[in-house]
Amino acid sequence: MPSPAPHTGAGDRPRPAVLVLVRETTADVTAIDEALHARGARPIIRRPEALTIRINGRRPVILDADGSPLTPDACLGWTSLAARDAGLWLLRALEMAGIPVMNRAAVLDAGQLKPTLSLRLAAAGLPHARTLIAGADADPDALIAELGLPMVVKPCLGTKGGGVGPLDDRAALAGRLAAAGAERLPLYLQEFLPNDGSDLRIQCVDHRPVYAFRRHAAPGAFVANLHAGGRAETLTSIPPALARLAAAAARAVDAPLAGVDLIEVPGRGPVILEVNMTPGIYTAATLAGPDRPVLEPLARQAVDLLAQSLIRLAGGNIRRRQAA
């Protein structure tokens, strides 16, 4: 992990300390570390497993791996789904210790649970794929009457397109219901939206769209995902209607940092598929293939805006502590 810089900068001014909580060192983490340094902050890059919480008093105390107290001024909760169990409780402890977190634990939790995310998008009146969260005892014919065939099944907890696929007939649906019953889980089903094998990712910082790219599915793949071999096509500008929709989605789920996935349906317009709470804000550029020279400067700009936002968050916390 990159090591933290000294506590003071030019003129011995305190440098805001920003804890970046990560599963592993990725291109995103390296870019964020560099941007925070460049903006005069003190990044502290840690895995959730490196930290200990001391509970002995009204507020928890954060301890580093060597047992020394860790006192960040803000935290970027980059705890992806793979680090959910290790990271979510830790983000809640940080918040209880008075450390502002982006995105907050409750936001990250709700966003990673697809049923909760769908409920929040629908409650905000945003265009979202028709969705059923079906109990394992549901009648397959009743579900087919609601969504038709084919329909799309997704894991309630999933990332990078894993477990997403079409259900083409009643037998396939019945099999998935039986499997869900064995795991005592609901089945997350959505209508199939006709498309050309592509979707649109709009990256947002501070609830504002920063850049966007179209993702084209790899040959034979159902999901347009760069991690699954998809291809990126940079949008040099975001159409205003799509920018407003992405901003509304980020605000609806209270996620300052968000990757909003949309699909444009003929005769219906844009439909929100989901909102990613730990988007690969820079990694997307590294996976863009021939479009990398175009996408990378936009991704760098987004990372710099994220660093500025985290520094503002840390600065507000510093001022609150000084005024207390």
# chains A, B, ... in the order shown; residues from 1 in each chain; ligands from 1
>>> closest_atom_pairs(of="segment 81-192 of chain A", to="segment 63-75 of chain A", cutoff="6 Å", atoms="only C-alpha atoms", output="CSV")
residue,atom,partner,partner_atom,distance
A:Ile99,CA,A:Ala74,CA,5.5
A:Pro100,CA,A:Ala74,CA,5.1
A:Val101,CA,A:Cys75,CA,4.7
>>> write_last_selection(atoms="all heavy atoms", output="short mmCIF file (atom, residue, chain, number, x, y, z; two decimals), in the first residue's frame")
data_model
loop_
_atom_site.label_atom_id
_atom_site.label_comp_id
_atom_site.auth_asym_id
_atom_site.auth_seq_id
_atom_site.Cartn_x
_atom_site.Cartn_y
_atom_site.Cartn_z
N ILE A 99 -15.90 10.58 12.09
CA ILE A 99 -15.15 10.75 10.85
C ILE A 99 -16.13 10.69 9.68
O ILE A 99 -16.82 9.69 9.49
CB ILE A 99 -14.08 9.65 10.71
CG1 ILE A 99 -13.10 9.72 11.86
CG2 ILE A 99 -13.36 9.74 9.36
CD1 ILE A 99 -12.27 8.48 12.05
N PRO A 100 -16.23 11.75 8.89
CA PRO A 100 -17.15 11.72 7.74
C PRO A 100 -16.67 10.73 6.68
O PRO A 100 -15.48 10.66 6.38
CB PRO A 100 -17.13 13.16 7.22
CG PRO A 100 -15.86 13.75 7.72
CD PRO A 100 -15.54 13.05 9.00
N VAL A 101 -17.61 9.98 6.13
CA VAL A 101 -17.29 8.92 5.18
C VAL A 101 -18.03 9.17 3.86
O VAL A 101 -19.19 9.56 3.85
CB VAL A 101 -17.71 7.54 5.75
CG1 VAL A 101 -17.54 6.45 4.70
CG2 VAL A 101 -16.88 7.20 6.99
#
>>> residues_around(residues="segment 268-275 of chain A", least_positions_apart="5", cutoff="7 Å", atoms="only C-alpha atoms", output="ChimeraX atom specification")
/A:111,127-129,258-263
>>> atom_distance(atom1="atom CA of Pro194 of chain A", atom2="atom CA of Tyr282 of chain A")
29.3 Å
>>> closest_atom_pairs(of="segment 252-310 of chain A", to="segment 200-212 of chain A", cutoff="9 Å", atoms="only C-alpha atoms", output="JSON lines")
{"residue": "A:Asp254", "atom": "CA", "partner": "A:His207", "partner_atom": "CA", "distance": 8.1}
{"residue": "A:Ala255", "atom": "CA", "partner": "A:His207", "partner_atom": "CA", "distance": 6.7}
{"residue": "A:Pro256", "atom": "CA", "partner": "A:Asp206", "partner_atom": "CA", "distance": 4.2}
{"residue": "A:Leu257", "atom": "CA", "partner": "A:Val205", "partner_atom": "CA", "distance": 4.8}
{"residue": "A:Ala258", "atom": "CA", "partner": "A:Cys204", "partner_atom": "CA", "distance": 5.1}
{"residue": "A:Gly259", "atom": "CA", "partner": "A:Gln203", "partner_atom": "CA", "distance": 4.5}
{"residue": "A:Val260", "atom": "CA", "partner": "A:Ile202", "partner_atom": "CA", "distance": 5.1}
{"residue": "A:Asp261", "atom": "CA", "partner": "A:Arg201", "partner_atom": "CA", "distance": 4.6}
{"residue": "A:Leu262", "atom": "CA", "partner": "A:Leu200", "partner_atom": "CA", "distance": 5.1}
{"residue": "A:Ile263", "atom": "CA", "partner": "A:Leu200", "partner_atom": "CA", "distance": 6.1}
{"residue": "A:Glu264", "atom": "CA", "partner": "A:Leu200", "partner_atom": "CA", "distance": 8.2}
{"residue": "A:Pro279", "atom": "CA", "partner": "A:Gln203", "partner_atom": "CA", "distance": 7.5}
{"residue": "A:Gly280", "atom": "CA", "partner": "A:Gln203", "partner_atom": "CA", "distance": 8.9}
{"residue": "A:Ile281", "atom": "CA", "partner": "A:Gln203", "partner_atom": "CA", "distance": 6.8}
{"residue": "A:Leu295", "atom": "CA", "partner": "A:Tyr211", "partner_atom": "CA", "distance": 8.6}
{"residue": "A:Leu298", "atom": "CA", "partner": "A:Tyr211", "partner_atom": "CA", "distance": 6.3}
{"residue": "A:Ala299", "atom": "CA", "partner": "A:Tyr211", "partner_atom": "CA", "distance": 7.4}
{"residue": "A:Gln301", "atom": "CA", "partner": "A:Val210", "partner_atom": "CA", "distance": 8.1}
{"residue": "A:Ala302", "atom": "CA", "partner": "A:Val210", "partner_atom": "CA", "distance": 6.1}
{"residue": "A:Val303", "atom": "CA", "partner": "A:Val205", "partner_atom": "CA", "distance": 8.7}
{"residue": "A:Leu305", "atom": "CA", "partner": "A:Val205", "partner_atom": "CA", "distance": 6.9}
{"residue": "A:Leu306", "atom": "CA", "partner": "A:Val205", "partner_atom": "CA", "distance": 6.1}
{"residue": "A:Ser309", "atom": "CA", "partner": "A:Asp206", "partner_atom": "CA", "distance": 7.1}
>>> write_last_selection(atoms="C-alpha atoms", output="mmCIF file, in the first residue's frame")
data_model
loop_
_atom_site.group_PDB
_atom_site.id
_atom_site.type_symbol
_atom_site.label_atom_id
_atom_site.label_comp_id
_atom_site.auth_asym_id
_atom_site.auth_seq_id
_atom_site.Cartn_x
_atom_site.Cartn_y
_atom_site.Cartn_z
ATOM 1 C CA ASP A 254 -27.538 9.777 -1.567
ATOM 2 C CA ALA A 255 -24.274 8.721 -3.239
ATOM 3 C CA PRO A 256 -21.837 11.602 -3.894
ATOM 4 C CA LEU A 257 -19.625 9.076 -5.695
ATOM 5 C CA ALA A 258 -21.624 6.970 -8.145
ATOM 6 C CA GLY A 259 -21.510 5.195 -11.471
ATOM 7 C CA VAL A 260 -24.964 5.330 -13.037
ATOM 8 C CA ASP A 261 -25.755 2.639 -15.613
ATOM 9 C CA LEU A 262 -28.405 3.472 -18.223
ATOM 10 C CA ILE A 263 -29.815 1.790 -21.267
ATOM 11 C CA GLU A 264 -31.555 3.617 -24.079
ATOM 12 C CA PRO A 279 -17.317 2.751 -9.492
ATOM 13 C CA GLY A 280 -13.971 2.169 -11.151
ATOM 14 C CA ILE A 281 -13.581 5.874 -11.680
ATOM 15 C CA LEU A 295 -10.911 8.400 -21.823
ATOM 16 C CA LEU A 298 -11.437 12.506 -18.401
ATOM 17 C CA ALA A 299 -10.871 9.849 -15.739
ATOM 18 C CA GLN A 301 -10.141 14.879 -14.083
ATOM 19 C CA ALA A 302 -12.791 12.857 -12.241
ATOM 20 C CA VAL A 303 -10.201 11.540 -9.765
ATOM 21 C CA LEU A 305 -12.514 16.267 -8.472
ATOM 22 C CA LEU A 306 -12.949 13.356 -6.065
ATOM 23 C CA SER A 309 -14.317 16.721 -2.580
#
>>> closest_atom_pairs(of="segment 268-319 of chain A", to="segment 231-249 of chain A", cutoff="7 Å", atoms="only C-alpha atoms", output="Markdown table")
| residue | atom | partner | partner_atom | distance |
| --- | --- | --- | --- | --- |
| A:Ala288 | CA | A:Ala232 | CA | 5.0 |
| A:Asp291 | CA | A:Glu233 | CA | 6.3 |
| A:Val294 | CA | A:Thr234 | CA | 7.0 |
| A:Leu295 | CA | A:Thr234 | CA | 6.0 |
>>> write_last_selection(atoms="N, CA and C atoms", output="short mmCIF file (atom, residue, chain, number, x, y, z; two decimals), in the first residue's frame")
data_model
loop_
_atom_site.label_atom_id
_atom_site.label_comp_id
_atom_site.auth_asym_id
_atom_site.auth_seq_id
_atom_site.Cartn_x
_atom_site.Cartn_y
_atom_site.Cartn_z
N ALA A 288 -10.14 0.54 -21.35
CA ALA A 288 -10.85 1.10 -22.49
C ALA A 288 -10.27 0.70 -23.83
N ASP A 291 -9.74 3.24 -26.90
CA ASP A 291 -10.26 4.53 -26.46
C ASP A 291 -9.52 5.09 -25.25
N VAL A 294 -8.32 8.76 -25.14
CA VAL A 294 -9.39 9.75 -25.04
C VAL A 294 -10.01 9.73 -23.64
N LEU A 295 -10.20 8.54 -23.09
CA LEU A 295 -10.91 8.40 -21.82
C LEU A 295 -10.03 8.74 -20.62
#
